[in-house]
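Let me begin by presenting the structure, written as structure tokens, before commenting on it.
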Amino acid sequence: MESFDFLVQGSAPEPYVVIFQKEHNKIIAHCTCPAGEMGQYCKHRFAILNGFSEGIISSNAADVKIISTWLPGSNIERALNELEKAEEEVAKAKKKVSAAKKMIAREMQGAR
Ligand SMILES: [Zn+2]
């Protein structure tokens, strides 16, 4: 099993400990932030998963690049793809909302 521990400076005075472990194609990650402790999505793990080292105060910050190489074929890859698709749909929906608001504004001005 491969394992990396990172110290991440979040909003609390004490840095959070983020642990990433990989065994075969299974990635497991823990974070000591309040959301992470409750088993919820947290931005610290997500950032590291995406190869971002911002906020990492431990000397191994460059190792986040290794974590992002774990993704292909992993248990998390499919969920990340679903998130990407959902975000594209949100972006499309926002454009539709914006266009509809412009239409309302035009109609209210009595434009023909
Ligand atoms: Zn966290």
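A note on labels: chains of the structure tokens are A, B, ... as shown, every chain counts residues from 1, and ligands are counted from 1 in their shown order.
If one restricts the calculation to only C-alpha atoms and all ligand atoms, the set of residues situated within 7 Å of ligand 1 consists of A:Tyr16, A:Cys31, A:Thr32, A:Cys33, A:Pro34, A:Ala35, A:Gly36, A:Cys42, A:Lys43, A:His44, A:Arg45.
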Can you spit out the residues from that selection as a PDB file, in the first residue's frame, using C-alpha atoms?
ATOM      1  CA  TYR A  16      -5.462  19.605   8.935  1.00  0.00           C
ATOM      2  CA  CYS A  31      -8.933  14.646   6.287  1.00  0.00           C
ATOM      3  CA  THR A  32      -9.165  15.969   9.838  1.00  0.00           C
ATOM      4  CA  CYS A  33     -11.237  19.041   8.861  1.00  0.00           C
ATOM      5  CA  PRO A  34     -14.857  19.120  10.187  1.00  0.00           C
ATOM      6  CA  ALA A  35     -16.374  17.994   6.863  1.00  0.00           C
ATOM      7  CA  GLY A  36     -13.766  15.279   6.405  1.00  0.00           C
ATOM      8  CA  CYS A  42     -14.000  18.349   1.566  1.00  0.00           C
ATOM      9  CA  LYS A  43     -12.015  20.761  -0.554  1.00  0.00           C
ATOM     10  CA  HIS A  44      -8.667  19.723   0.957  1.00  0.00           C
ATOM     11  CA  ARG A  45      -8.829  16.179  -0.375  1.00  0.00           C
TER      12      ARG A  45
END
In chain A, DSSP alpha helix (DSSP H) residues written as a ChimeraX atom specification: /A:34-37,43-49,64-69,77-108
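Minimum distance to Phe4 (chain A) across A:Glu54, A:Ala62, A:Glu37, A:Leu80 (counting only C-alpha atoms) occurs at A:Ala62.
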Strand (DSSP E or B) per DSSP on the backbone: members of region 21-78 of chain A, as an NGL selection string: :A and (21-23 or 26-31 or 56)
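Separating CA of Phe20 (chain A) from CA of Asp5 (chain A) is a distance of 6.5 Å.
Between Asn60 (chain A) and the candidates A:Ala12, A:Ile27, A:Ile76, A:Val18, the tightest atom-to-atom separation, counting only C-alpha atoms, involves A:Val18.
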Distance criterion (only C-alpha atoms): nearest to Lys65 (chain A) out of A:Gly110, A:Gly51, A:Pro15, A:Gly10: A:Gly51
Interatomic distance (Å, one decimal) between CA of Asn25 (chain A) and CA of Lys85 (chain A): 22.4 Å
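Computed from the coordinates, the CA of Ile67 (chain A) to CA of Glu23 (chain A) distance equals 12.3 Å.
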